[in-house]
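> Take this structure first; my questions come after.
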Amino acid sequence: MPKNDIAGDSKIINRIWSLFASMRLALFLLFLLAVISIVGTIIPQGSSESFYITRYGESMANWFVRLDLFNMYHSWWFSLLLAILALNIIVCSIERFPAKWRLFKKGERDQDIDHIKGLSNYSSFDLGQVKTDLLSRNIRGVLRSRNYQLNDMSGSNSYAISIKGSKGRLNHFGSDIVHLGIIIILAGGIIGAITGFKEYKTIPVGETAKVDSLDSNLEIRANRFWIEKYESGEVKQYYSDITLIEDGEDVLSYGILYVNKPLIYKGIWFYQTSYGEAWDRVDDITLNLFDRKKDKEIGNQFKVKWQEMSDIPGMKGYAVKPIAFISDFAIDTSNKIWYAKSTKHANPAIQIEIYKRGKIFSKNWVFLNFPNIFPIFGDENNNNLILSTYTATPYTALNVVRDKGVNIVWVGSLFMIIGLFLSFFVHHRRMWVIVDNGENNIVLHIGGSAHRDRLSFEKEFKGIVESIHNNI
Amino acid sequence: MIIYSLMFFDVTYWFYLVASLIYIGYLLTKKVRLADMATVITSIGLFSNTLFLVARTFEAGHAPFSNLYESMLLFTWALVIGYLIVQRKYDFKVGGAFILPLVFLAIFVTSLLPYHYQGSRPLNPALQSAWLETHVFVIFIGYAAFAMSFGISIMYLIKTRHREKGKENAILNILPSESILDELSYKSIAWGFPFLTLGIITGAVWANYAWGSYWTWDPKETWSLITWFIYAAYLHARVTKNWKGKRAAWISILGFISLIFLYWGVSFILPSLHTYAV
């Protein structure tokens, strides 16, 4: 304990130390953390500000921003709470460990008959003529079979036989190991948060995305994406085939990843997280000519590949090239500026360039849901182009993660499991057996004590006494 | 075509109901023959419960752990096994009058689920992992242990109230002493807590493999931590003066309420990556 010459300071430090060494603080913190954590499950975390304003009103939303309630588990005050808990754990351990260790090193005390008689588990019986060494072997055998470590002190005192046994002494350190595990986990979490990164990348098939958080130039090219389905039609699994390109060179080809099977490269983990249809490009479009006067389609449908020019069959000299795609087209009526409303394919629109005899003629949007909304070839021309369908470009959605603390977290977890096992499944029990050459007869005194789990120990004690008795 | 799992579900339902009633009859009449009969009926119900899980595995092609309907029968299975062991080890027959109704309540609520919850579905990509069996199984041993503690804590509070009021009540005399009830409640949590911890850890390992992050403060994850905090508080309270006994019993009850929300509430009320109810 920290002591100080200056009386006033030392008093305050002692009081703070006592506070952090107290179980009450631990109880308080555990309940506080439980209650506060509930808040973050009721108020959805990590959404946009407009979401909260819509849901809770502007003034409430402002309070939420001030208190950092949108990302509360990463807020300074939540981290502070965890830090206080960690400090509480550390101080409690420092306070209690030395005495435990001393006791552990000292070993079990010897007991005399009077003390043994006072134990809650005690039995004694008269023995007739017994050979001491046979009896001693019997007792030791019974105790050993129940995993007691024995200390035979017969001969060193006045009793004919004097044996003490103990087991499960490690039980007392279970809590220390659990607590150490918790601290290690917190440390691992902090290290991971500070040194790692996590990116969500949506990559349309055929395109490449760069990992932003790295100093080196690492890119992911999505070569293929496919979905496996059950007979019932539900999705069974989905796969990506990617190539990793580092500083311009292919460093990993035909990398396959799917859900629950990430791809690992140089400590960076690539996870198959989701998929969808690209909202800003397509593989190809299918157009057809439409006669505005006759009000029907003429000719045959024809396909045009993305950003490639194609002649328009039935219109000599004209060519078309799709240059842009918006999956959910919307227009701001106040300033006539168009924008993408969402990533869903709710209102698909393709922007096409029309070329007449090699020179650009017009640029226009065609809509899947609103054919003929604009005359592509101008008002005088009866012909128009309509969008019949298109082939969406699948994209694969990956999480790219590097976490340098995760292995530390697993080490801490292992400590916790070991510590919990020691705390709850290993029981500290002690037995003392004394055989006394009394005046008239030889008496065996046996007593035992258990620190915890007395109900089970009572049964074990009865069993031991019975076994010894039966062997005589 | 008989859907065997649904048939075994019904059998289990009725046997657990009858067992509950007979155990309560034992509580009221103290006739040991009733307790023994209830034990037999419970065991048959357990057998049927087991057959449900087996049949379901064959029908679905995967472990019966993937939705609320299946997991509730895993819960009852674990709780009944745990109870029968405790009953035998500590001669705790009267516990059946409190635990079996809990078991029946669980299967009763499950039976109320709309039909489309009851069908077995093929596993979606995120669930296709050996971690499914490991994580869910471990968690449910924990749940069952906590449910046991909950039942025993209720018994404790009833016994305490009975003693405090000073009235002689022939029915409640049959309950074990407060210290035994307190000890049994503690032992249940001494099983539940390590398994809940292991469950959270296996969940984190799995999440790291599937989603790239071992902890995202997802509502299900957060509520498991909340439940963990409460039971940790229980364990620390027990080594604090004045917090044993009654206060500990209340914390155990609070922990179980949190657990119910963790298990059912999160699936239905809060959005989460964990909405596997259906």
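Numbering starts fresh at 1 for the residues of each chain in the structure tokens, the chains themselves are lettered A, B, ... in the order given, and ligands are numbered from 1 as they appear.
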Name the residues of segment 11-207 of chain A that come out as helix (DSSP H, G or I) in a backbone DSSP run; write them as a PyMOL selection string.
chain A and resi 11-20+23-42+49-56+58-67+69-74+76-106+113-117+132-145+169-195
> Using only C-alpha atoms, find the residues of chain B whose closest atom to chain A is at most 8 Å away, then write them as a PyMOL selection string.
chain B and resi 122-126+128-129+183+187+190-191+194+197-198+201+209-212+217-219+222-223+225-227+229-230+232-233+236-237+240+270
> Segment 60-294 of chain A: which residues are strand (DSSP E or B) by DSSP, as an MDAnalysis selection string?
chainID A and resid 121:127 149:152 161:167 197:204 208:210 218:229 235:246 249:258 261 263:265 268:291
> Applying 9 Å and only C-alpha atoms, which residues near Tyr186 of chain B remain after dropping the ones on its own chain fewer than 3 positions away? List them as a list in words.
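Non-adjacent residues within range: Ser149, Leu181, Asp182, Glu183, Ile189, Ala190, Trp191, Tyr234, Leu235, Arg238 and Ala248 of chain B.
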> Quick one: write out the picked residues with N, CA, C and O atoms as an mmCIF file, in the first residue's frame?

```
data_model
loop_
_atom_site.group_PDB
_atom_site.id
_atom_site.type_symbol
_atom_site.label_atom_id
_atom_site.label_comp_id
_atom_site.auth_asym_id
_atom_site.auth_seq_id
_atom_site.Cartn_x
_atom_site.Cartn_y
_atom_site.Cartn_z
ATOM 1 N N SER B 149 -31.270 -22.204 -11.349
ATOM 2 C CA SER B 149 -31.006 -21.272 -10.251
ATOM 3 C C SER B 149 -32.207 -20.364 -10.009
ATOM 4 O O SER B 149 -32.549 -20.041 -8.873
ATOM 5 N N LEU B 181 -31.007 -24.344 -0.012
ATOM 6 C CA LEU B 181 -31.518 -23.740 -1.245
ATOM 7 C C LEU B 181 -30.533 -22.710 -1.780
ATOM 8 O O LEU B 181 -30.271 -22.636 -2.978
ATOM 9 N N ASP B 182 -29.964 -21.927 -0.872
ATOM 10 C CA ASP B 182 -28.989 -20.926 -1.275
ATOM 11 C C ASP B 182 -27.783 -21.598 -1.921
ATOM 12 O O ASP B 182 -27.282 -21.158 -2.947
ATOM 13 N N GLU B 183 -27.346 -22.677 -1.301
ATOM 14 C CA GLU B 183 -26.185 -23.403 -1.811
ATOM 15 C C GLU B 183 -26.485 -24.007 -3.194
ATOM 16 O O GLU B 183 -25.668 -23.918 -4.105
ATOM 17 N N ILE B 189 -25.530 -21.651 -10.582
ATOM 18 C CA ILE B 189 -24.865 -20.548 -11.254
ATOM 19 C C ILE B 189 -23.385 -20.856 -11.440
ATOM 20 O O ILE B 189 -22.769 -20.435 -12.422
ATOM 21 N N ALA B 190 -22.823 -21.654 -10.534
ATOM 22 C CA ALA B 190 -21.425 -22.051 -10.691
ATOM 23 C C ALA B 190 -21.233 -22.917 -11.928
ATOM 24 O O ALA B 190 -20.126 -23.019 -12.443
ATOM 25 N N TRP B 191 -22.284 -23.540 -12.388
ATOM 26 C CA TRP B 191 -22.247 -24.240 -13.677
ATOM 27 C C TRP B 191 -22.581 -23.278 -14.808
ATOM 28 O O TRP B 191 -21.925 -23.274 -15.842
ATOM 29 N N TYR B 234 -23.713 -11.393 -9.061
ATOM 30 C CA TYR B 234 -24.205 -12.408 -8.120
ATOM 31 C C TYR B 234 -23.039 -13.096 -7.423
ATOM 32 O O TYR B 234 -23.016 -13.238 -6.205
ATOM 33 N N LEU B 235 -22.048 -13.526 -8.229
ATOM 34 C CA LEU B 235 -20.933 -14.268 -7.661
ATOM 35 C C LEU B 235 -20.112 -13.403 -6.709
ATOM 36 O O LEU B 235 -19.654 -13.867 -5.665
ATOM 37 N N ARG B 238 -21.967 -12.773 -3.362
ATOM 38 C CA ARG B 238 -21.969 -13.879 -2.397
ATOM 39 C C ARG B 238 -20.773 -13.858 -1.468
ATOM 40 O O ARG B 238 -20.804 -14.454 -0.401
ATOM 41 N N ALA B 248 -28.920 -12.184 -2.967
ATOM 42 C CA ALA B 248 -28.383 -13.052 -4.021
ATOM 43 C C ALA B 248 -29.522 -13.664 -4.819
ATOM 44 O O ALA B 248 -29.461 -13.740 -6.051
#
```
> For Leu79 of chain B, find every residue with an atom within 7 Å (counting only C-alpha atoms), except residues of its own chain fewer than 4 positions away, and show them as a list in words.
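The neighbour list is Phe75, Tyr83, Ala144 and Ala145 of chain B.
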> Name the closest residue to Phe461 of chain A among the candidates A:Phe70, A:Tyr122, A:Phe361, A:Phe97; distances are taken between atoms, counting only C-alpha atoms.
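Looking at the shortest contact to Phe461 of chain A, the residue is A:Tyr122.
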> Expressed in Å to a single decimal, how great is the separation between atom CA of Tyr16 of chain B and atom CA of Val80 of chain B?
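One can read the atom CA of Tyr16 of chain B to atom CA of Val80 of chain B distance as 9.5 Å.
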> Leaving out Val251 of chain A and any residue of its chain fewer than 5 positions from it, which residues lie within 12 Å of it when counting only C-alpha atoms, given as a list in words?
Asn217, Leu218, Glu219, Ile220, Arg221, Ile242, Thr243, Leu244, Ile245, Glu246, Tyr265 and Lys266 of chain A
